[in-house]
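As structure tokens, the structure follows; a few thoughts come after it.
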Amino acid sequence: MNDAEPVRGEFAAVGRREITIVRGEGARLWDERGRSFVDLGISLGVGNLGHSNPALVHAIESQARQLIHVGSACDTPPRHDFVQRLLELMPPSLDRVFLSNSGAEGIETALKFARSSTARPGFVAALRGFHGRTFGALSATGRRDLREPFEPLVPGFSHVPYNDITQLDRAVDQTTAAVILELVQGEGGVHVIDPEYLRAARAICDRRGALLIFDEIQTGMGRTGRRFAFERWGILPDILVLAKSLAGGVPIGATITTEEVERRFRGTHHSTFGGNALACAAGRAALDYLVSARLDERAERLGTEAISHLRRSPSARVREVRGLGLLIGIELKERAAPYLQALRERGFLAIGAGPNVIRLLPPLVISEADWAAGLTAISEVLADG
Ligand SMILES: *Cc1c(COP(=O)(O)O)cnc(C)c1O
């Protein structure tokens, strides 16, 4: 397949696009020439419910006929229903929601809530962590390659190695507003949090009066085999950020926190499109589908089987297979790009996570046949020789 030029007139900040996708259904995508692909991650964790999920399409169509947007000074039935449904899925302590439009905006909101409600300036985040590309979210992001071209960033952020309790304990003090963590580092190479570290992070934050923020933008909505990854270990955050698949592909972000954070918050925060009626109708349908189709259980089963399959069929090119549910990283001893290209030529669209990792995050509705075919294709392209 030849490299196409970037779309004419579009700022070329993300490199070349090589395929034009015109239609999607479940885990399948079709290009303009009618060629079919299996989405093994190309929708970046947004497509948990599958492309153009009929339940979602129906909700969007009927809401669009009724009302698309009104300012957040007014309540709307879809906004009301979505917030209620989301809170029903949360532990009782997480009972306040702020709605926005993307992951980064959800993170910005979390950072502002934390600073304001603790009256402290500092944040501690993890090296290799990814939280988004706006200035606050980028300041929390622990990758120099993403940060450096845009410095100076927001002051007050420090970064410590992921899963290192001693260093975290050293970094958090009386000036720390919050510690922010992913439960599986997605962009950073698919590294799963150590439960001991997670427990220690909660204890350290409690001891020093800092808040704990979970960035579940990628790990939420059934992806890791639980509806939300924190449920696996029963450790609760003070602030939870969701986005990506939360409204099944319609842009949305949610920052969910406690009554206490709300009570101590000084200041104002607002978002024109946040809580948009169309996005909320989609969000409500997405949550209902997540629960009724038991996407979390499907991710747990397909993911666990795949991880052991991939570990059982070793290739000399593979250093390690890691993951949780249907968020899987295959770390190679060499660059992943040529193998991603080889997969694409076979009709499977996976993505990288750093230079050496093949990242799999298919729609959770992927058929067993497509998933098995994807795993076979991976074994074939990684075969020695
Ligand atoms: C994608 C992602 C973000 C950023 O979300 P955007 O919607 O692109 O702003 C933040 N954190 C994590 C863990 C993500 O995977």
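Residue numbering restarts at 1 in every chain; chains get A, B, ... in the order shown in the structure tokens, and ligands count up from 1 in that same order.
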Find the residues around stretch 366-378 of chain A up to 9 Å (only C-alpha atoms counted), leave out those fewer than 5 positions away in its own chain, and share them as a list in words. Gly26, Ala27, Arg28, Val38, Asp39, Leu40, Gly50, Leu302, Ala306, His309, Leu310, Tyr339, Leu343, Arg346, Gly347, Phe348 and Ala383 of chain A
Would you write out those residues with N, CA and C atoms, as a PDB file, in the first residue's frame?
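Final output, out.pdb:
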ATOM      1  N   GLY A  26     -19.327  -3.436  13.784  1.00  0.00           N
ATOM      2  CA  GLY A  26     -18.670  -4.321  14.754  1.00  0.00           C
ATOM      3  C   GLY A  26     -17.179  -4.028  14.770  1.00  0.00           C
ATOM      4  N   ALA A  27     -16.365  -5.070  14.590  1.00  0.00           N
ATOM      5  CA  ALA A  27     -14.913  -4.871  14.573  1.00  0.00           C
ATOM      6  C   ALA A  27     -14.386  -4.755  13.138  1.00  0.00           C
ATOM      7  N   ARG A  28     -15.296  -4.633  12.169  1.00  0.00           N
ATOM      8  CA  ARG A  28     -14.880  -4.558  10.759  1.00  0.00           C
ATOM      9  C   ARG A  28     -14.911  -3.130  10.239  1.00  0.00           C
ATOM     10  N   VAL A  38      -9.945  -5.826   9.822  1.00  0.00           N
ATOM     11  CA  VAL A  38     -10.373  -6.063  11.199  1.00  0.00           C
ATOM     12  C   VAL A  38      -9.681  -5.021  12.074  1.00  0.00           C
ATOM     13  N   ASP A  39     -10.465  -4.339  12.883  1.00  0.00           N
ATOM     14  CA  ASP A  39      -9.941  -3.322  13.792  1.00  0.00           C
ATOM     15  C   ASP A  39      -9.351  -4.018  15.022  1.00  0.00           C
ATOM     16  N   LEU A  40      -8.019  -4.074  15.075  1.00  0.00           N
ATOM     17  CA  LEU A  40      -7.362  -4.640  16.261  1.00  0.00           C
ATOM     18  C   LEU A  40      -6.860  -3.527  17.176  1.00  0.00           C
ATOM     19  N   GLY A  50     -18.052  -1.521  19.309  1.00  0.00           N
ATOM     20  CA  GLY A  50     -18.106  -1.863  17.895  1.00  0.00           C
ATOM     21  C   GLY A  50     -18.523  -0.660  17.079  1.00  0.00           C
ATOM     22  N   LEU A 302     -11.801 -13.227  26.341  1.00  0.00           N
ATOM     23  CA  LEU A 302     -11.013 -13.207  25.097  1.00  0.00           C
ATOM     24  C   LEU A 302      -9.587 -12.746  25.364  1.00  0.00           C
ATOM     25  N   ALA A 306      -6.152 -14.921  24.929  1.00  0.00           N
ATOM     26  CA  ALA A 306      -5.194 -14.428  23.932  1.00  0.00           C
ATOM     27  C   ALA A 306      -3.809 -14.241  24.542  1.00  0.00           C
ATOM     28  N   HIS A 309      -2.280 -17.562  24.949  1.00  0.00           N
ATOM     29  CA  HIS A 309      -1.934 -18.081  23.613  1.00  0.00           C
ATOM     30  C   HIS A 309      -0.650 -17.407  23.098  1.00  0.00           C
ATOM     31  N   LEU A 310      -0.604 -16.092  23.208  1.00  0.00           N
ATOM     32  CA  LEU A 310       0.569 -15.364  22.687  1.00  0.00           C
ATOM     33  C   LEU A 310       1.834 -15.727  23.470  1.00  0.00           C
ATOM     34  N   TYR A 339       6.058  -4.719  11.391  1.00  0.00           N
ATOM     35  CA  TYR A 339       5.095  -5.787  11.674  1.00  0.00           C
ATOM     36  C   TYR A 339       3.672  -5.255  11.636  1.00  0.00           C
ATOM     37  N   LEU A 343       0.852  -6.639   9.156  1.00  0.00           N
ATOM     38  CA  LEU A 343      -0.509  -6.972   9.594  1.00  0.00           C
ATOM     39  C   LEU A 343      -1.542  -6.254   8.742  1.00  0.00           C
ATOM     40  N   ARG A 346      -2.279  -7.809   5.601  1.00  0.00           N
ATOM     41  CA  ARG A 346      -3.154  -8.982   5.746  1.00  0.00           C
ATOM     42  C   ARG A 346      -4.568  -8.607   6.175  1.00  0.00           C
ATOM     43  N   GLY A 347      -4.815  -7.302   6.333  1.00  0.00           N
ATOM     44  CA  GLY A 347      -6.178  -6.868   6.659  1.00  0.00           C
ATOM     45  C   GLY A 347      -6.444  -6.676   8.140  1.00  0.00           C
ATOM     46  N   PHE A 348      -5.395  -6.515   8.949  1.00  0.00           N
ATOM     47  CA  PHE A 348      -5.579  -6.323  10.390  1.00  0.00           C
ATOM     48  C   PHE A 348      -4.914  -5.022  10.821  1.00  0.00           C
ATOM     49  N   ALA A 383       6.624 -14.771  12.885  1.00  0.00           N
ATOM     50  CA  ALA A 383       7.320 -16.051  12.779  1.00  0.00           C
ATOM     51  C   ALA A 383       8.790 -15.851  12.439  1.00  0.00           C
TER      52      ALA A 383
END
Counting only C-alpha atoms and all ligand atoms, name the residues that have an atom within 10 Å of an atom of ligand 1; the answer should be given as a PyMOL selection string. chain A and resi 44-46+101-108+129-134+137-138+140-141+181-188+214-220+241-245+251-253
Write a file of the selected residues as a tab-separated table (two decimals), in the first residue's frame, keeping C-alpha atoms.
chain	number	residue	atom	x	y	z
A	44	LEU	CA	-7.62	3.79	19.66
A	45	GLY	CA	-9.80	2.33	22.35
A	46	VAL	CA	-12.83	4.38	21.32
A	101	ASN	CA	-15.61	16.61	25.46
A	102	SER	CA	-12.37	14.66	25.42
A	103	GLY	CA	-9.84	12.84	27.53
A	104	ALA	CA	-7.49	15.79	27.82
A	105	GLU	CA	-10.32	18.07	28.88
A	106	GLY	CA	-11.38	15.53	31.48
A	107	ILE	CA	-7.80	15.51	32.81
A	108	GLU	CA	-7.61	19.33	32.85
A	129	GLY	CA	2.38	7.83	31.63
A	130	PHE	CA	0.12	9.47	29.06
A	131	HIS	CA	-2.67	11.87	29.98
A	132	GLY	CA	-3.26	13.96	26.85
A	133	ARG	CA	-1.79	16.81	24.88
A	134	THR	CA	-3.21	20.05	26.24
A	137	ALA	CA	-2.51	17.05	30.60
A	138	LEU	CA	0.85	17.20	28.82
A	140	ALA	CA	1.19	15.25	33.71
A	141	THR	CA	2.39	13.10	30.80
A	181	LEU	CA	-1.99	7.26	37.51
A	182	GLU	CA	-3.18	5.02	34.70
A	183	LEU	CA	-4.07	1.49	35.87
A	184	VAL	CA	-2.57	0.13	32.68
A	185	GLN	CA	-0.20	2.49	30.93
A	186	GLY	CA	-1.61	2.35	27.41
A	187	GLU	CA	0.41	4.69	25.20
A	188	GLY	CA	3.48	4.04	27.34
A	214	PHE	CA	-7.16	7.48	38.09
A	215	ASP	CA	-6.92	8.14	34.37
A	216	GLU	CA	-9.20	5.39	33.02
A	217	ILE	CA	-9.68	7.05	29.66
A	218	GLN	CA	-8.28	3.98	27.91
A	219	THR	CA	-8.91	1.28	30.55
A	220	GLY	CA	-12.57	2.12	31.21
A	241	VAL	CA	-11.44	10.40	34.44
A	242	LEU	CA	-13.25	8.64	31.58
A	243	ALA	CA	-13.46	9.46	27.87
A	244	LYS	CA	-12.63	7.48	24.69
A	245	SER	CA	-15.35	4.79	24.55
A	251	PRO	CA	-16.69	12.92	21.75
A	252	ILE	CA	-17.11	13.07	25.53
A	253	GLY	CA	-15.10	13.32	28.73
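Ranking A:Gly47, A:Pro121, A:Gly329, A:Pro338 by their shortest atom-to-atom distance to A:Gly354, with only C-alpha atoms included, puts A:Gly329 first.
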Per DSSP on the backbone, what are the alpha helix (DSSP H) residues of stretch 35-281 of chain A, as a PyMOL selection string? chain A and resi 54-66+77-88+103-118+135-140+144-147+165-171+195-208+259-264+277-281
Which polymer residues have any atom within 12 Å of an atom of A:Asp384, counting only C-alpha atoms, with same-chain residues fewer than 5 positions away left out, as a VMD selection string? chain A and resid 313 to 318 378 to 379
Those residues with all heavy atoms, as a PDB file, in the first residue's frame please?
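File part_24.pdb, as written:
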ATOM      1  N   SER A 313       3.118 -19.245  22.318  1.00  0.00           N
ATOM      2  CA  SER A 313       3.704 -19.412  20.990  1.00  0.00           C
ATOM      3  C   SER A 313       4.839 -18.405  20.810  1.00  0.00           C
ATOM      4  O   SER A 313       4.654 -17.366  20.188  1.00  0.00           O
ATOM      5  CB  SER A 313       2.636 -19.220  19.915  1.00  0.00           C
ATOM      6  OG  SER A 313       1.811 -18.121  20.244  1.00  0.00           O
ATOM      7  N   PRO A 314       5.963 -18.707  21.402  1.00  0.00           N
ATOM      8  CA  PRO A 314       7.030 -17.724  21.435  1.00  0.00           C
ATOM      9  C   PRO A 314       7.678 -17.530  20.061  1.00  0.00           C
ATOM     10  O   PRO A 314       7.787 -18.456  19.275  1.00  0.00           O
ATOM     11  CB  PRO A 314       8.031 -18.336  22.415  1.00  0.00           C
ATOM     12  CG  PRO A 314       7.797 -19.808  22.338  1.00  0.00           C
ATOM     13  CD  PRO A 314       6.374 -20.005  21.941  1.00  0.00           C
ATOM     14  N   SER A 315       8.036 -16.284  19.803  1.00  0.00           N
ATOM     15  CA  SER A 315       8.818 -15.961  18.622  1.00  0.00           C
ATOM     16  C   SER A 315      10.100 -15.335  19.160  1.00  0.00           C
ATOM     17  O   SER A 315      10.069 -14.652  20.180  1.00  0.00           O
ATOM     18  CB  SER A 315       8.047 -14.961  17.766  1.00  0.00           C
ATOM     19  OG  SER A 315       8.941 -14.108  17.068  1.00  0.00           O
ATOM     20  N   ALA A 316      11.186 -15.582  18.477  1.00  0.00           N
ATOM     21  CA  ALA A 316      12.459 -15.010  18.931  1.00  0.00           C
ATOM     22  C   ALA A 316      12.428 -13.491  18.872  1.00  0.00           C
ATOM     23  O   ALA A 316      13.268 -12.827  19.455  1.00  0.00           O
ATOM     24  CB  ALA A 316      13.596 -15.564  18.083  1.00  0.00           C
ATOM     25  N   ARG A 317      11.445 -12.936  18.144  1.00  0.00           N
ATOM     26  CA  ARG A 317      11.346 -11.481  18.061  1.00  0.00           C
ATOM     27  C   ARG A 317      10.645 -10.857  19.266  1.00  0.00           C
ATOM     28  O   ARG A 317      10.687  -9.657  19.443  1.00  0.00           O
ATOM     29  CB  ARG A 317      10.548 -11.078  16.826  1.00  0.00           C
ATOM     30  CG  ARG A 317      11.087 -11.620  15.533  1.00  0.00           C
ATOM     31  CD  ARG A 317      10.252 -11.092  14.379  1.00  0.00           C
ATOM     32  NE  ARG A 317      10.360 -11.924  13.203  1.00  0.00           N
ATOM     33  CZ  ARG A 317      11.412 -11.959  12.401  1.00  0.00           C
ATOM     34  NH1 ARG A 317      12.448 -11.192  12.651  1.00  0.00           N
ATOM     35  NH2 ARG A 317      11.435 -12.757  11.362  1.00  0.00           N
ATOM     36  N   VAL A 318       9.946 -11.681  20.048  1.00  0.00           N
ATOM     37  CA  VAL A 318       9.116 -11.147  21.138  1.00  0.00           C
ATOM     38  C   VAL A 318       9.897 -11.136  22.442  1.00  0.00           C
ATOM     39  O   VAL A 318      10.467 -12.146  22.850  1.00  0.00           O
ATOM     40  CB  VAL A 318       7.828 -11.990  21.302  1.00  0.00           C
ATOM     41  CG1 VAL A 318       7.016 -11.518  22.513  1.00  0.00           C
ATOM     42  CG2 VAL A 318       6.983 -11.908  20.034  1.00  0.00           C
ATOM     43  N   ILE A 378      -0.895 -12.413  13.615  1.00  0.00           N
ATOM     44  CA  ILE A 378       0.218 -11.897  14.426  1.00  0.00           C
ATOM     45  C   ILE A 378       1.314 -12.958  14.523  1.00  0.00           C
ATOM     46  O   ILE A 378       2.495 -12.666  14.332  1.00  0.00           O
ATOM     47  CB  ILE A 378      -0.287 -11.465  15.822  1.00  0.00           C
ATOM     48  CG1 ILE A 378      -1.145 -10.206  15.671  1.00  0.00           C
ATOM     49  CG2 ILE A 378       0.868 -11.229  16.782  1.00  0.00           C
ATOM     50  CD1 ILE A 378      -1.978  -9.882  16.903  1.00  0.00           C
ATOM     51  N   SER A 379       0.915 -14.191  14.827  1.00  0.00           N
ATOM     52  CA  SER A 379       1.916 -15.265  14.913  1.00  0.00           C
ATOM     53  C   SER A 379       2.651 -15.407  13.586  1.00  0.00           C
ATOM     54  O   SER A 379       3.875 -15.603  13.571  1.00  0.00           O
ATOM     55  CB  SER A 379       1.256 -16.601  15.260  1.00  0.00           C
ATOM     56  OG  SER A 379       0.605 -16.502  16.491  1.00  0.00           O
TER      57      SER A 379
END
Name all residues at most 8 Å from stretch 64-77 of chain A (count only C-alpha atoms; drop same-chain ones fewer than 4 positions away) and give them as an NGL selection string. :A and (60 or 81 or 272-278)
Resulting file, chosen residues, C-alpha atoms, as a PDB file, in the first residue's frame:
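To be explicit, this is the file written out as out_33.pdb:
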ATOM      1  CA  ILE A  60     -28.162   9.303  18.309  1.00  0.00           C
ATOM      2  CA  ASP A  81     -30.324  10.158  32.414  1.00  0.00           C
ATOM      3  CA  THR A 272     -19.723  24.896  26.334  1.00  0.00           C
ATOM      4  CA  PHE A 273     -20.226  21.482  24.768  1.00  0.00           C
ATOM      5  CA  GLY A 274     -19.811  19.476  27.978  1.00  0.00           C
ATOM      6  CA  GLY A 275     -23.001  17.557  28.694  1.00  0.00           C
ATOM      7  CA  ASN A 276     -24.197  18.098  25.134  1.00  0.00           C
ATOM      8  CA  ALA A 277     -27.566  16.365  24.642  1.00  0.00           C
ATOM      9  CA  LEU A 278     -26.407  14.324  21.651  1.00  0.00           C
TER      10      LEU A 278
END
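Closest approach to A:Ile351 among A:Ser43, A:Asp173, A:Glu331, A:Gly303 is made by A:Ser43 (distances from only C-alpha atoms).
Excluding A:Gly234 itself and any same-chain residue fewer than 2 positions from it, the protein and nucleic acid residues within 12 Å of it, counting only C-alpha atoms, are A:Met90, A:Pro91, A:Pro195, A:Leu198, A:Arg199, A:Arg202, A:Arg226, A:Phe228, A:Ala229, A:Phe230, A:Glu231, A:Arg232, A:Leu236, A:Pro237.
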Those same residues, written as a PDB file, in the first residue's frame with N, CA, C and O atoms?
ATOM      1  N   MET A  90     -20.972   3.584  39.517  1.00  0.00           N
ATOM      2  CA  MET A  90     -19.833   3.996  40.333  1.00  0.00           C
ATOM      3  C   MET A  90     -20.014   3.540  41.780  1.00  0.00           C
ATOM      4  O   MET A  90     -21.143   3.349  42.228  1.00  0.00           O
ATOM      5  N   PRO A  91     -18.912   3.408  42.527  1.00  0.00           N
ATOM      6  CA  PRO A  91     -19.059   3.187  43.970  1.00  0.00           C
ATOM      7  C   PRO A  91     -19.711   4.430  44.591  1.00  0.00           C
ATOM      8  O   PRO A  91     -19.594   5.528  44.029  1.00  0.00           O
ATOM      9  N   PRO A 195      -0.650  -4.406  41.917  1.00  0.00           N
ATOM     10  CA  PRO A 195      -1.669  -4.151  42.957  1.00  0.00           C
ATOM     11  C   PRO A 195      -1.075  -3.624  44.268  1.00  0.00           C
ATOM     12  O   PRO A 195      -1.696  -2.820  44.946  1.00  0.00           O
ATOM     13  N   LEU A 198      -0.531  -0.004  43.816  1.00  0.00           N
ATOM     14  CA  LEU A 198      -1.803   0.706  43.830  1.00  0.00           C
ATOM     15  C   LEU A 198      -2.271   0.918  45.270  1.00  0.00           C
ATOM     16  O   LEU A 198      -2.671   2.019  45.660  1.00  0.00           O
ATOM     17  N   ARG A 199      -2.182  -0.136  46.074  1.00  0.00           N
ATOM     18  CA  ARG A 199      -2.568  -0.029  47.487  1.00  0.00           C
ATOM     19  C   ARG A 199      -1.691   0.986  48.195  1.00  0.00           C
ATOM     20  O   ARG A 199      -2.165   1.815  48.983  1.00  0.00           O
ATOM     21  N   ARG A 202      -2.605   4.581  47.336  1.00  0.00           N
ATOM     22  CA  ARG A 202      -3.795   5.017  48.095  1.00  0.00           C
ATOM     23  C   ARG A 202      -3.393   5.399  49.528  1.00  0.00           C
ATOM     24  O   ARG A 202      -3.785   6.446  50.042  1.00  0.00           O
ATOM     25  N   ARG A 226     -12.999  -5.571  33.446  1.00  0.00           N
ATOM     26  CA  ARG A 226     -13.935  -5.034  34.431  1.00  0.00           C
ATOM     27  C   ARG A 226     -14.561  -3.819  33.769  1.00  0.00           C
ATOM     28  O   ARG A 226     -13.964  -3.239  32.858  1.00  0.00           O
ATOM     29  N   PHE A 228     -14.730  -0.904  34.921  1.00  0.00           N
ATOM     30  CA  PHE A 228     -13.657   0.078  35.115  1.00  0.00           C
ATOM     31  C   PHE A 228     -12.524  -0.668  35.813  1.00  0.00           C
ATOM     32  O   PHE A 228     -12.772  -1.492  36.695  1.00  0.00           O
ATOM     33  N   ALA A 229     -11.300  -0.400  35.413  1.00  0.00           N
ATOM     34  CA  ALA A 229     -10.196  -1.253  35.864  1.00  0.00           C
ATOM     35  C   ALA A 229     -10.038  -1.241  37.380  1.00  0.00           C
ATOM     36  O   ALA A 229      -9.644  -2.245  37.973  1.00  0.00           O
ATOM     37  N   PHE A 230     -10.362  -0.119  38.033  1.00  0.00           N
ATOM     38  CA  PHE A 230     -10.141  -0.064  39.490  1.00  0.00           C
ATOM     39  C   PHE A 230     -10.973  -1.112  40.225  1.00  0.00           C
ATOM     40  O   PHE A 230     -10.622  -1.523  41.335  1.00  0.00           O
ATOM     41  N   GLU A 231     -12.067  -1.570  39.615  1.00  0.00           N
ATOM     42  CA  GLU A 231     -12.934  -2.547  40.278  1.00  0.00           C
ATOM     43  C   GLU A 231     -12.197  -3.862  40.542  1.00  0.00           C
ATOM     44  O   GLU A 231     -12.560  -4.601  41.448  1.00  0.00           O
ATOM     45  N   ARG A 232     -11.186  -4.152  39.747  1.00  0.00           N
ATOM     46  CA  ARG A 232     -10.461  -5.409  39.918  1.00  0.00           C
ATOM     47  C   ARG A 232      -9.796  -5.481  41.287  1.00  0.00           C
ATOM     48  O   ARG A 232      -9.711  -6.545  41.893  1.00  0.00           O
ATOM     49  N   LEU A 236     -10.176   2.717  45.487  1.00  0.00           N
ATOM     50  CA  LEU A 236     -10.962   3.792  44.888  1.00  0.00           C
ATOM     51  C   LEU A 236     -10.147   5.070  44.755  1.00  0.00           C
ATOM     52  O   LEU A 236      -9.353   5.397  45.631  1.00  0.00           O
ATOM     53  N   PRO A 237     -10.380   5.803  43.688  1.00  0.00           N
ATOM     54  CA  PRO A 237      -9.737   7.108  43.536  1.00  0.00           C
ATOM     55  C   PRO A 237     -10.612   8.193  44.167  1.00  0.00           C
ATOM     56  O   PRO A 237     -11.764   7.951  44.510  1.00  0.00           O
TER      57      PRO A 237
END
Point-to-point distance in Å for atom CA of A:Ala350 and atom CA of A:Ala336: 10.4 Å
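One finds atom CA of A:Met221 at 23.5 Å from atom CA of A:Asn163.
With distances restricted to only C-alpha atoms, A:Ile256 is the closest residue to A:Val97 from A:Ile165, A:Ile256, A:Leu240, A:Leu212.
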Which residues come within 10 Å of A:Gly267, counting only C-alpha atoms, excluding same-chain residues fewer than 6 positions away, as a PyMOL selection string? chain A and resi 112-113+116-117
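Residue nearest A:Leu87 within the list A:Thr255, A:Ser271, A:Ser308, A:Thr166: A:Thr255 [criterion: smallest interatomic distance, only C-alpha atoms].
Residues of stretch 169-204 of chain A that DSSP, applied to the backbone, places in strand (DSSP E or B): Thr176, Ala177, Ala178, Val179, Ile180, Leu181, Glu182, Val184, Gln185, His191 and Val192 of chain A.
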